[in-house]
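Peer 1: TSV, C-alpha atoms, saved as coords36.tsv, coming up:
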chain	number	residue	atom	x	y	z
A	1	MET	CA	0.00	0.00	0.00
A	2	TYR	CA	2.84	2.41	0.81
A	3	LYS	CA	4.27	2.04	-2.69
A	4	VAL	CA	0.84	2.79	-4.16
A	5	PHE	CA	0.60	5.90	-1.99
A	6	CYS	CA	4.05	7.09	-3.13
A	7	ARG	CA	3.31	6.52	-6.82
A	8	THR	CA	-0.09	8.22	-6.54
A	9	PHE	CA	1.47	11.23	-4.81
A	10	GLN	CA	4.15	11.46	-7.51
A	11	GLY	CA	1.52	11.24	-10.26
A	12	VAL	CA	-0.45	14.07	-8.70
A	13	MET	CA	2.70	16.19	-8.36
A	14	LYS	CA	3.65	15.58	-11.99
A	15	PHE	CA	0.17	16.57	-13.15
A	16	THR	CA	0.06	19.64	-10.90
A	17	SER	CA	3.53	20.83	-11.94
A	18	SER	CA	2.34	21.41	-15.51
A	19	PHE	CA	0.16	24.24	-14.18
A	20	LEU	CA	2.85	25.97	-12.11
A	21	PRO	CA	4.34	29.34	-13.18
A	22	TRP	CA	7.68	27.99	-14.42
A	23	ARG	CA	10.18	30.44	-15.81
A	24	GLU	CA	13.59	30.06	-17.36
A	25	PRO	CA	16.33	32.46	-16.32
A	26	GLU	CA	17.42	34.97	-18.92
A	27	LEU	CA	21.01	34.03	-19.73
A	28	LEU	CA	24.23	35.91	-20.35
A	29	VAL	CA	26.50	33.29	-21.91
A	30	GLY	CA	30.13	33.11	-23.01
A	31	GLU	CA	33.61	34.31	-22.23
A	32	ASN	CA	33.56	37.59	-20.23
A	33	SER	CA	29.75	37.74	-20.32
A	34	LEU	CA	29.85	38.88	-16.67
A	35	LYS	CA	30.90	42.33	-17.91
A	36	LYS	CA	27.38	42.83	-19.28
A	37	LEU	CA	25.64	42.17	-15.96
A	38	PRO	CA	25.97	45.59	-14.26
A	39	GLY	CA	24.26	47.25	-17.24
A	40	LEU	CA	21.53	44.60	-17.17
A	41	ILE	CA	20.94	45.17	-13.44
A	42	LYS	CA	20.71	48.92	-14.09
A	43	SER	CA	18.20	48.33	-16.90
A	44	GLN	CA	15.91	46.56	-14.41
A	45	GLY	CA	15.58	49.74	-12.36
A	46	ILE	CA	17.59	48.30	-9.47
A	47	GLU	CA	19.46	50.84	-7.38
A	48	SER	CA	20.93	48.71	-4.60
A	49	VAL	CA	21.93	45.04	-4.47
A	50	LEU	CA	23.06	42.57	-1.84
A	51	VAL	CA	25.90	40.41	-3.20
A	52	VAL	CA	25.87	37.02	-1.47
A	53	THR	CA	29.14	35.09	-1.69
A	54	ASP	CA	31.71	33.36	0.51
A	55	LYS	CA	35.12	34.25	1.97
A	56	GLY	CA	36.98	32.16	-0.61
A	57	ILE	CA	35.60	34.16	-3.53
A	58	SER	CA	35.81	37.57	-1.89
A	59	SER	CA	39.44	36.95	-0.91
A	60	ILE	CA	40.75	36.10	-4.41
A	61	GLY	CA	39.37	39.16	-6.18
A	62	LEU	CA	37.09	37.22	-8.53
A	63	MET	CA	34.35	39.83	-8.08
A	64	ASP	CA	36.49	42.95	-8.41
A	65	GLU	CA	35.70	43.75	-12.03
A	66	PHE	CA	31.98	43.11	-11.49
A	67	LEU	CA	31.89	45.35	-8.41
A	68	GLN	CA	33.66	48.12	-10.34
A	69	GLY	CA	31.01	47.71	-13.04
A	70	LEU	CA	28.27	48.22	-10.44
A	71	LYS	CA	30.02	51.41	-9.27
A	72	ASN	CA	30.29	52.65	-12.85
A	73	GLU	CA	26.54	52.13	-13.28
A	74	GLY	CA	25.80	54.00	-10.03
A	75	ILE	CA	24.42	50.88	-8.34
A	76	SER	CA	24.89	50.72	-4.58
A	77	PHE	CA	25.99	47.32	-3.24
A	78	VAL	CA	26.86	45.58	-0.02
A	79	ILE	CA	28.61	42.22	0.27
A	80	TYR	CA	27.66	39.33	2.54
A	81	ASP	CA	30.55	36.85	2.38
A	82	GLU	CA	29.98	34.73	5.50
A	83	THR	CA	28.22	31.92	3.62
A	84	VAL	CA	29.50	28.51	4.69
A	85	PRO	CA	29.38	25.26	2.71
A	86	ASN	CA	25.92	23.80	3.31
A	87	PRO	CA	24.54	27.27	4.22
A	88	THR	CA	22.68	27.57	7.49
A	89	ILE	CA	19.52	29.31	8.66
A	90	ASP	CA	21.82	31.71	10.57
A	91	ASN	CA	23.58	32.59	7.28
A	92	ILE	CA	20.26	33.47	5.70
A	93	GLU	CA	19.04	35.53	8.66
A	94	ASP	CA	22.35	37.44	8.88
A	95	ALA	CA	22.31	38.16	5.13
A	96	LEU	CA	18.66	39.24	5.37
A	97	LYS	CA	19.59	41.88	7.97
A	98	VAL	CA	22.30	43.22	5.64
A	99	TYR	CA	19.77	43.28	2.76
A	100	HIS	CA	17.35	45.42	4.76
A	101	GLN	CA	20.05	47.67	6.28
A	102	ASN	CA	21.22	48.53	2.76
A	103	ASN	CA	17.66	49.09	1.45
A	104	SER	CA	18.48	46.59	-1.27
A	105	ASN	CA	15.99	45.87	-4.05
A	106	GLY	CA	17.94	43.11	-5.81
A	107	LEU	CA	20.02	40.04	-4.98
A	108	VAL	CA	23.20	38.78	-6.63
A	109	ALA	CA	24.42	35.26	-5.82
A	110	PHE	CA	28.11	34.95	-6.71
A	111	GLY	CA	29.71	31.55	-6.22
A	112	GLY	CA	28.88	27.88	-6.06
A	113	GLY	CA	25.70	26.27	-4.82
A	114	SER	CA	26.08	27.55	-1.25
A	115	PRO	CA	25.93	31.31	-2.00
A	116	MET	CA	23.06	30.63	-4.42
A	117	ASP	CA	21.14	28.68	-1.78
A	118	CYS	CA	21.78	31.42	0.77
A	119	ALA	CA	20.62	34.16	-1.63
A	120	LYS	CA	17.48	32.17	-2.45
A	121	GLY	CA	16.82	31.82	1.27
A	122	VAL	CA	17.06	35.61	1.64
A	123	ALA	CA	14.70	36.03	-1.33
A	124	ALA	CA	12.20	33.68	0.32
A	125	ARG	CA	12.34	35.61	3.61
A	126	VAL	CA	11.89	38.94	1.80
A	127	ALA	CA	8.83	37.57	0.01
A	128	ARG	CA	7.42	35.94	3.15
A	129	PRO	CA	8.66	38.06	6.10
A	130	LYS	CA	6.29	36.38	8.57
A	131	LYS	CA	7.45	32.85	7.73
A	132	SER	CA	10.64	31.34	9.13
A	133	ILE	CA	12.93	29.21	6.96
A	134	PRO	CA	11.78	25.96	8.66
A	135	GLN	CA	8.17	26.94	7.93
A	136	MET	CA	9.03	27.11	4.21
A	137	LYS	CA	10.60	23.64	4.12
A	138	GLY	CA	9.16	21.48	1.36
A	139	VAL	CA	7.15	22.34	-1.72
A	140	LEU	CA	5.37	25.58	-2.69
A	141	LYS	CA	5.41	27.42	0.65
A	142	ILE	CA	6.32	30.83	-0.84
A	143	MET	CA	4.07	31.44	-3.87
A	144	LYS	CA	4.90	35.15	-3.86
A	145	LYS	CA	7.10	37.40	-5.93
A	146	VAL	CA	10.73	37.57	-4.76
A	147	PRO	CA	13.23	40.38	-5.44
A	148	PRO	CA	15.08	40.21	-8.77
A	149	LEU	CA	17.64	37.43	-8.37
A	150	PHE	CA	20.85	37.27	-10.44
A	151	ALA	CA	22.88	34.04	-10.26
A	152	ILE	CA	26.58	33.92	-11.17
A	153	PRO	CA	27.87	30.34	-10.82
A	154	THR	CA	31.61	29.97	-10.33
A	155	THR	CA	31.46	26.16	-10.47
A	156	ALA	CA	29.94	23.87	-13.10
A	157	GLY	CA	27.94	21.71	-10.78
A	158	THR	CA	24.86	22.56	-8.76
A	159	GLY	CA	22.75	24.03	-11.55
A	160	SER	CA	21.17	26.17	-8.84
A	161	GLU	CA	21.07	29.06	-11.32
A	162	ALA	CA	18.25	27.13	-13.07
A	163	THR	CA	16.36	25.52	-10.19
A	164	LEU	CA	13.48	26.17	-7.86
A	165	ALA	CA	15.36	24.77	-4.83
A	166	ALA	CA	17.31	26.29	-1.96
A	167	VAL	CA	19.02	23.71	0.25
A	168	VAL	CA	19.44	24.81	3.86
A	169	SER	CA	21.14	23.31	6.93
A	170	ASN	CA	20.04	23.65	10.54
A	171	SER	CA	23.28	23.87	12.51
A	172	VAL	CA	21.52	22.85	15.75
A	173	THR	CA	19.67	19.72	14.58
A	174	HIS	CA	22.08	18.85	11.70
A	175	GLU	CA	19.05	18.61	9.42
A	176	LYS	CA	19.54	19.58	5.78
A	177	TYR	CA	16.48	20.14	3.61
A	178	ALA	CA	15.17	21.91	0.54
A	179	ILE	CA	12.79	24.81	0.09
A	180	MET	CA	11.20	24.30	-3.33
A	181	ASP	CA	9.12	26.93	-5.05
A	182	THR	CA	9.03	28.26	-8.60
A	183	ALA	CA	9.39	31.76	-7.10
A	184	LEU	CA	13.03	30.87	-6.32
A	185	ILE	CA	14.11	30.25	-9.92
A	186	PRO	CA	16.64	33.03	-10.61
A	187	HIS	CA	15.46	35.72	-13.01
A	188	PHE	CA	18.88	36.04	-14.66
A	189	ALA	CA	21.97	33.82	-14.81
A	190	VAL	CA	25.51	34.43	-16.08
A	191	LEU	CA	27.37	31.46	-17.58
A	192	ASP	CA	30.87	32.89	-17.94
A	193	PRO	CA	33.47	30.09	-18.24
A	194	VAL	CA	36.31	32.47	-17.27
A	195	LEU	CA	35.01	32.33	-13.69
A	196	THR	CA	35.70	28.58	-13.48
A	197	VAL	CA	39.22	28.51	-14.98
A	198	ASN	CA	41.11	28.63	-11.67
A	199	LEU	CA	38.93	26.15	-9.79
A	200	PRO	CA	40.94	23.64	-7.76
A	201	LYS	CA	40.92	20.21	-9.40
A	202	HIS	CA	38.98	18.55	-6.58
A	203	ILE	CA	36.20	21.14	-6.91
A	204	THR	CA	36.11	20.78	-10.69
A	205	SER	CA	35.71	17.01	-10.30
A	206	THR	CA	33.14	16.88	-7.51
A	207	THR	CA	30.95	19.69	-8.81
A	208	GLY	CA	31.03	18.07	-12.25
A	209	MET	CA	29.88	14.78	-10.74
A	210	ASP	CA	27.15	16.71	-8.93
A	211	ALA	CA	25.85	17.86	-12.32
A	212	LEU	CA	26.03	14.28	-13.62
A	213	THR	CA	24.03	13.07	-10.61
A	214	HIS	CA	21.33	15.68	-11.30
A	215	ALA	CA	21.02	14.64	-14.92
A	216	VAL	CA	21.07	10.88	-14.26
A	217	GLU	CA	18.61	10.98	-11.35
A	218	ALA	CA	16.24	13.15	-13.38
A	219	TYR	CA	16.49	10.86	-16.42
A	220	ILE	CA	15.88	7.56	-14.64
A	221	GLY	CA	12.98	8.94	-12.59
A	222	ARG	CA	9.33	8.70	-13.52
A	223	SER	CA	8.37	12.36	-13.80
A	224	ASN	CA	10.16	13.31	-17.01
A	225	THR	CA	8.77	15.56	-19.70
A	226	LYS	CA	10.03	15.72	-23.30
A	227	GLU	CA	12.06	18.75	-22.30
A	228	THR	CA	13.67	17.22	-19.21
A	229	ILE	CA	14.64	14.10	-21.18
A	230	GLN	CA	16.46	16.28	-23.72
A	231	TYR	CA	18.08	18.43	-21.02
A	232	SER	CA	19.37	15.32	-19.22
A	233	LYS	CA	20.69	13.66	-22.37
A	234	GLU	CA	22.54	16.75	-23.54
A	235	ALA	CA	23.98	17.34	-20.06
A	236	ILE	CA	25.20	13.74	-19.71
A	237	THR	CA	26.78	13.81	-23.17
A	238	LEU	CA	28.57	17.08	-22.41
A	239	ILE	CA	29.82	15.83	-19.04
A	240	PHE	CA	31.24	12.59	-20.45
A	241	GLU	CA	32.95	14.59	-23.21
A	242	ASN	CA	34.30	17.48	-21.13
A	243	LEU	CA	34.60	16.82	-17.39
A	244	TYR	CA	37.88	14.94	-17.41
A	245	GLU	CA	39.37	17.48	-19.82
A	246	CYS	CA	38.39	20.29	-17.41
A	247	TYR	CA	39.93	18.31	-14.55
A	248	SER	CA	43.21	17.63	-16.32
A	249	ASN	CA	43.44	20.88	-18.33
A	250	GLY	CA	41.64	23.55	-16.34
A	251	SER	CA	42.43	26.40	-18.74
A	252	ASN	CA	40.48	24.86	-21.65
A	253	ILE	CA	37.81	27.55	-22.02
A	254	ALA	CA	35.70	25.55	-24.50
A	255	ALA	CA	35.54	22.57	-22.14
A	256	ARG	CA	34.75	24.87	-19.21
A	257	ALA	CA	31.92	26.48	-21.19
A	258	ASN	CA	30.54	23.04	-22.09
A	259	MET	CA	30.55	22.01	-18.43
A	260	GLN	CA	28.74	25.20	-17.44
A	261	ARG	CA	26.08	24.45	-20.03
A	262	ALA	CA	25.87	20.86	-18.78
A	263	ALA	CA	25.36	21.97	-15.18
A	264	TYR	CA	22.68	24.44	-16.27
A	265	LEU	CA	20.84	21.84	-18.36
A	266	ALA	CA	21.04	19.29	-15.55
A	267	GLY	CA	19.53	21.92	-13.26
A	268	MET	CA	16.75	22.53	-15.78
A	269	ALA	CA	16.11	18.77	-15.86
A	270	PHE	CA	15.92	18.02	-12.16
A	271	THR	CA	14.02	21.15	-11.17
A	272	ARG	CA	11.08	19.66	-13.12
A	273	ALA	CA	11.78	15.91	-12.89
A	274	TYR	CA	13.28	15.75	-9.36
A	275	VAL	CA	16.23	13.77	-8.04
A	276	GLY	CA	16.31	10.56	-5.97
A	277	TYR	CA	17.89	8.64	-3.11
A	278	VAL	CA	21.44	9.77	-4.00
A	279	HIS	CA	20.48	13.30	-3.01
A	280	ALA	CA	18.43	12.26	0.00
A	281	ILE	CA	21.43	10.41	1.44
A	282	ALA	CA	23.92	13.12	0.39
A	283	HIS	CA	21.90	15.79	2.21
A	284	THR	CA	22.18	13.87	5.49
A	285	LEU	CA	25.96	13.60	5.06
A	286	GLY	CA	26.13	17.36	4.51
A	287	GLY	CA	23.90	18.05	7.51
A	288	PHE	CA	25.71	15.75	9.95
A	289	TYR	CA	29.32	15.92	8.81
A	290	SER	CA	29.52	18.86	6.36
A	291	VAL	CA	30.55	16.51	3.55
A	292	PRO	CA	30.63	18.68	0.39
A	293	HIS	CA	27.51	17.95	-1.62
A	294	GLY	CA	29.24	17.18	-4.91
A	295	LEU	CA	31.67	14.78	-3.22
A	296	ALA	CA	28.82	12.97	-1.46
A	297	ASN	CA	26.86	12.61	-4.70
A	298	ALA	CA	29.91	11.38	-6.61
A	299	VAL	CA	30.60	8.63	-4.07
A	300	ILE	CA	26.96	7.57	-3.59
A	301	LEU	CA	25.77	7.62	-7.23
A	302	PRO	CA	27.13	4.26	-8.46
A	303	TYR	CA	26.03	2.42	-5.30
A	304	VAL	CA	22.43	3.63	-5.59
A	305	LEU	CA	22.28	2.90	-9.33
A	306	GLU	CA	23.46	-0.65	-8.63
A	307	TYR	CA	20.96	-1.03	-5.80
A	308	TYR	CA	18.04	-0.12	-8.07
A	309	GLY	CA	18.82	-3.26	-10.04
A	310	GLU	CA	16.41	-4.23	-12.78
A	311	SER	CA	14.13	-1.23	-12.17
A	312	ALA	CA	16.79	1.09	-13.65
A	313	HIS	CA	18.29	-1.15	-16.33
A	314	LYS	CA	16.30	0.26	-19.26
A	315	PRO	CA	17.03	3.99	-18.71
A	316	LEU	CA	20.65	3.31	-17.75
A	317	ALA	CA	21.06	1.17	-20.89
A	318	GLU	CA	19.74	4.11	-22.93
A	319	LEU	CA	22.32	6.39	-21.31
A	320	ALA	CA	25.06	3.86	-22.02
A	321	GLU	CA	24.13	3.91	-25.70
A	322	LEU	CA	24.00	7.72	-25.62
A	323	VAL	CA	27.65	7.97	-24.55
A	324	GLY	CA	28.85	5.07	-26.71
A	325	LEU	CA	29.22	2.34	-24.10
A	326	GLY	CA	28.55	-1.36	-24.43
A	327	LYS	CA	28.85	-3.75	-27.38
A	328	PRO	CA	26.32	-4.65	-30.09
A	329	GLY	CA	24.06	-7.38	-28.79
A	330	ASP	CA	24.57	-6.50	-25.12
A	331	SER	CA	21.52	-6.90	-22.89
A	332	GLU	CA	19.99	-3.94	-21.05
A	333	GLN	CA	21.60	-5.21	-17.87
A	334	GLN	CA	25.04	-5.35	-19.50
A	335	LYS	CA	24.66	-1.85	-20.89
A	336	ALA	CA	23.43	-0.51	-17.53
A	337	THR	CA	26.43	-2.13	-15.83
A	338	ALA	CA	28.75	-0.54	-18.41
A	339	PHE	CA	27.30	2.89	-17.62
A	340	ILE	CA	27.73	2.45	-13.86
A	341	THR	CA	31.28	1.16	-14.42
A	342	ALA	CA	32.07	4.26	-16.50
A	343	ILE	CA	30.94	6.46	-13.59
A	344	LYS	CA	33.21	4.55	-11.22
A	345	GLU	CA	36.12	4.86	-13.64
A	346	LEU	CA	35.56	8.61	-14.04
A	347	ASN	CA	35.55	9.00	-10.24
A	348	SER	CA	38.73	6.97	-9.99
A	349	LYS	CA	40.56	8.98	-12.68
A	350	MET	CA	39.75	12.15	-10.76
A	351	ASP	CA	40.88	10.77	-7.37
A	352	ILE	CA	37.37	10.76	-5.90
A	353	PRO	CA	37.21	8.20	-3.06
A	354	THR	CA	34.92	5.17	-3.14
A	355	LYS	CA	33.73	5.58	0.47
A	356	ILE	CA	32.80	8.35	2.92
A	357	ASN	CA	34.86	8.65	6.09
A	358	GLY	CA	33.47	9.55	9.50
A	359	ILE	CA	29.94	8.13	9.33
A	360	LYS	CA	28.99	7.10	12.89
A	361	GLU	CA	26.88	4.02	13.47
A	362	SER	CA	25.00	5.88	16.23
A	363	ASP	CA	23.86	8.55	13.74
A	364	LEU	CA	22.44	6.10	11.22
A	365	PRO	CA	18.90	5.72	12.64
A	366	VAL	CA	18.23	9.47	12.41
A	367	MET	CA	19.97	9.76	9.04
A	368	VAL	CA	17.92	6.89	7.60
A	369	GLU	CA	14.70	8.54	8.83
A	370	ARG	CA	15.66	11.91	7.34
A	371	ALA	CA	16.74	10.46	3.99
A	372	LEU	CA	13.47	8.53	3.73
A	373	SER	CA	11.32	11.50	4.74
A	374	GLU	CA	13.00	13.63	2.07
A	375	ALA	CA	12.67	11.05	-0.69
A	376	ASN	CA	9.34	9.38	0.03
A	377	PRO	CA	6.76	10.03	-1.29
A	378	LEU	CA	8.07	12.98	-3.33
A	379	TYR	CA	10.92	11.63	-5.48
A	380	PRO	CA	9.71	9.61	-8.51
A	381	VAL	CA	12.54	7.07	-8.26
A	382	PRO	CA	12.76	3.86	-10.33
A	383	LYS	CA	12.14	1.75	-7.22
A	384	ILE	CA	10.64	2.74	-3.84
A	385	LEU	CA	13.09	1.92	-1.04
A	386	PHE	CA	12.42	1.31	2.65
A	387	LYS	CA	14.34	1.69	5.93
A	388	ASP	CA	16.33	-1.52	5.54
A	389	ASP	CA	17.34	-0.54	1.98
A	390	ILE	CA	18.55	2.91	3.00
A	391	PHE	CA	20.39	1.46	6.02
A	392	GLN	CA	22.12	-1.02	3.73
A	393	LEU	CA	23.20	1.80	1.39
A	394	TYR	CA	24.75	3.75	4.29
A	395	GLU	CA	26.61	0.61	5.34
A	396	THR	CA	27.89	0.23	1.78
A	397	ILE	CA	29.18	3.79	1.43
A	398	LYS	CA	30.80	4.23	4.83
A	399	ALA	CA	34.53	3.65	5.13
Show me this structure written as structure tokens.
Peer 2:
Amino acid sequence: MYKVFCRTFQGVMKFTSSFLPWREPELLVGENSLKKLPGLIKSQGIESVLVVTDKGISSIGLMDEFLQGLKNEGISFVIYDETVPNPTIDNIEDALKVYHQNNSNGLVAFGGGSPMDCAKGVAARVARPKKSIPQMKGVLKIMKKVPPLFAIPTTAGTGSEATLAAVVSNSVTHEKYAIMDTALIPHFAVLDPVLTVNLPKHITSTTGMDALTHAVEAYIGRSNTKETIQYSKEAITLIFENLYECYSNGSNIAARANMQRAAYLAGMAFTRAYVGYVHAIAHTLGGFYSVPHGLANAVILPYVLEYYGESAHKPLAELAELVGLGKPGDSEQQKATAFITAIKELNSKMDIPTKINGIKESDLPVMVERALSEANPLYPVPKILFKDDIFQLYETIKA
């Protein structure tokens, strides 16, 4: 009966989502496209912006030219750079105070997924000042206009510049969850590959595998549309063709641009078609142990795909064919296995570990509960899993 409930819920959500006010961000794309953003912000009638970032980005001068551009356009700005990996409710509340103190009327998220999540959290609080972040947990709890939101990704991974989700951590309870509302889709996004050229190799690799996880989980799920299928396929093709090149030759601008497009497309795919148990488990690892999200996804992905077994063979076989894996006459199972093996090999070539260190046995009961409550009944996964399944997956991934 529980499986029937989950599938019915997912069917209703898929039907309902076709009536939601989806929007696609307006894009500035290409080498040095960031230079055009200050003029675009000015053209929107925005006089003052809060720039949400982190200490790493503010300390290396990556924003300097952009900030000078804002000054040249006469746009007032203030910077909040205290965002931590897996941004917290406290981050959002602190940034919100800065937003109001500066009389801001626009938000710029500059960085990886964490600054974008934090900025989206601020946008949600501005739109719904009487609701706390925990009260907006889940689906469609905002449903109000947010301030103009400009997303500038400096990694090719989260796809947050395209999505309706903000992922937040509670530093007291170690819970990590998503706020999902179409209001949070950024209005504008800048895909400038120059911003990713100096990424450390381990961030290039793990954020790239994050994008792959988004595209694969969206594709093998049961809530695809024609558009999300195409987004996933193009993203997966681009990642297999470009990620290792970006990792081994970080200054290849064409490969960097392709990975940015892949991350964006993967974001477009999963914001409509959802993710699955890889993300549900990864979020608990981020909440409890601050494991970087991309790293967690990279490690977990092949284990979950194997655990799905026959239920995922057909879509995984299709992806294997897409990227030229398998031999003529191979069965769906053989092709699916070839695809999973290719993921493992890509991880290995980029020095991504096969296990997660530091998982405590005593934390598992709560982590299992939280992973299940995130995934079921919402995520339209190939196969509905239960407590014992999720527990077994944790046991498999822990070092």
Peer 1: Would you mind telling me which residue in A:Val49, A:Ile356, A:Ile185, A:Met209 lies nearest to Ala162 in chain A when using only C-alpha atoms?
Peer 2: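 For Ala162 in chain A, the nearest of the given residues is A:Ile185.
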Peer 1: Find the residues around range 122-135 of chain A up to 10 Å (only C-alpha atoms counted), leave out those fewer than 3 positions away in its own chain, and share them as a PyMOL selection string.
Peer 2: chain A and resi 50+52+88-97+99-100+105-107+116-119+138+141-149+166+168-170+177-179+181+183-184+186
Peer 1: Do a neighbour search on Thr271 in chain A at 9 Å with only C-alpha atoms, toss out local chain neighbours closer than 4 positions, and write the hits as a list in words.
Peer 2: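 These residues fall inside the cut-off: Ala162, Thr163, Leu164, Ala165, Met180, Ala218, Thr228, Ala266, Gly267 and Val275 of chain A.
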Peer 1: Identify which of the residues A:Arg222, A:Lys55, A:Lys120, A:His174 lies closest to Val381 in chain A, counting all atoms listed in the file when measuring atom-to-atom distances.
Peer 2: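 Among the listed residues, A:Arg222 lies closest to Val381 in chain A.
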Peer 1: Which of these, A:Ile239, A:Met268, A:Ala156, A:Ser373, has the shortest distance to Thr225 in chain A once you count only C-alpha atoms?
Peer 2: A:Met268
Peer 1: With all atoms listed in the file as the basis for distance, which of A:Lys360, A:Leu140, A:Thr207, A:Gly45 is at the shortest distance from Ser17 in chain A?
Peer 2: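 Nearest candidate to Ser17 in chain A out of A:Lys360, A:Leu140, A:Thr207, A:Gly45: A:Leu140.
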Peer 1: Calculate how many Å separate CA of His214 in chain A from CA of Phe270 in chain A, rounding to one decimal.
Peer 2: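 Interatomic distance here is 6.0 Å.
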Peer 1: Go through A:Leu212, A:Val194, A:Met350, A:Ile397 and flag the residue nearest Ala282 in chain A, using all atoms listed in the file for the distances.
Peer 2: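 Nearest to Ala282 in chain A: A:Ile397.
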Peer 1: For the atom pair CA of Leu62 in chain A and CA of Ile152 in chain A, what is the interatomic distance in Å to one decimal place?
Peer 2: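 Going from CA of Leu62 in chain A over to CA of Ile152 in chain A, I get 11.3 Å.
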Peer 1: Take CA of Met13 in chain A and CA of Asn224 in chain A and report the distance between them in Å, one decimal.
Peer 2: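 That distance, rounded to one decimal, is 11.8 Å.
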Peer 1: Considering all atoms listed in the file, state which residue in the set A:Val51, A:Ile220, A:Ala399, A:Val98 is at the smallest distance from Met63 in chain A.
Peer 2: A:Val51
Peer 1: Kindly assemble as CSV a list of the range 204-300 of chain A residues that lie within 12 Å of range 328-349 of chain A, each paired with its nearest atom pair and their distance in Å to one decimal, using all atoms listed in the file, sorted first by chain and then by ascending residue number.
Peer 2:
residue,atom,partner,partner_atom,distance
A:Thr204,CA,A:Asn347,CA,11.8
A:Ser205,CA,A:Asn347,CA,8.0
A:Thr206,CA,A:Asn347,CA,8.7
A:Thr207,CA,A:Asn347,CA,11.7
A:Gly208,CA,A:Asn347,CA,10.3
A:Met209,CA,A:Asn347,CA,8.1
A:Asp210,CA,A:Asn347,CA,11.5
A:Leu212,CA,A:Ile343,CA,9.2
A:Thr213,CA,A:Ile343,CA,10.0
A:Val216,CA,A:Phe339,CA,10.7
A:Ile220,CA,A:Ala336,CA,11.4
A:Ile236,CA,A:Ile343,CA,11.1
A:Ile239,CA,A:Leu346,CA,10.5
A:Phe240,CA,A:Leu346,CA,8.7
A:Glu241,CA,A:Leu346,CA,11.3
A:Asn242,CA,A:Leu346,CA,11.4
A:Leu243,CA,A:Leu346,CA,8.9
A:Tyr244,CA,A:Leu346,CA,7.5
A:Glu245,CA,A:Lys349,CA,11.2
A:Tyr247,CA,A:Lys349,CA,9.5
A:Ser248,CA,A:Lys349,CA,9.8
A:Gly294,CA,A:Asn347,CA,11.6
A:Leu295,CA,A:Asn347,CA,9.9
A:Ala296,CA,A:Asn347,CA,11.8
A:Asn297,CA,A:Asn347,CA,10.9
A:Ala298,CA,A:Asn347,CA,7.1
A:Val299,CA,A:Asn347,CA,7.9
A:Ile300,CA,A:Lys344,CA,10.3
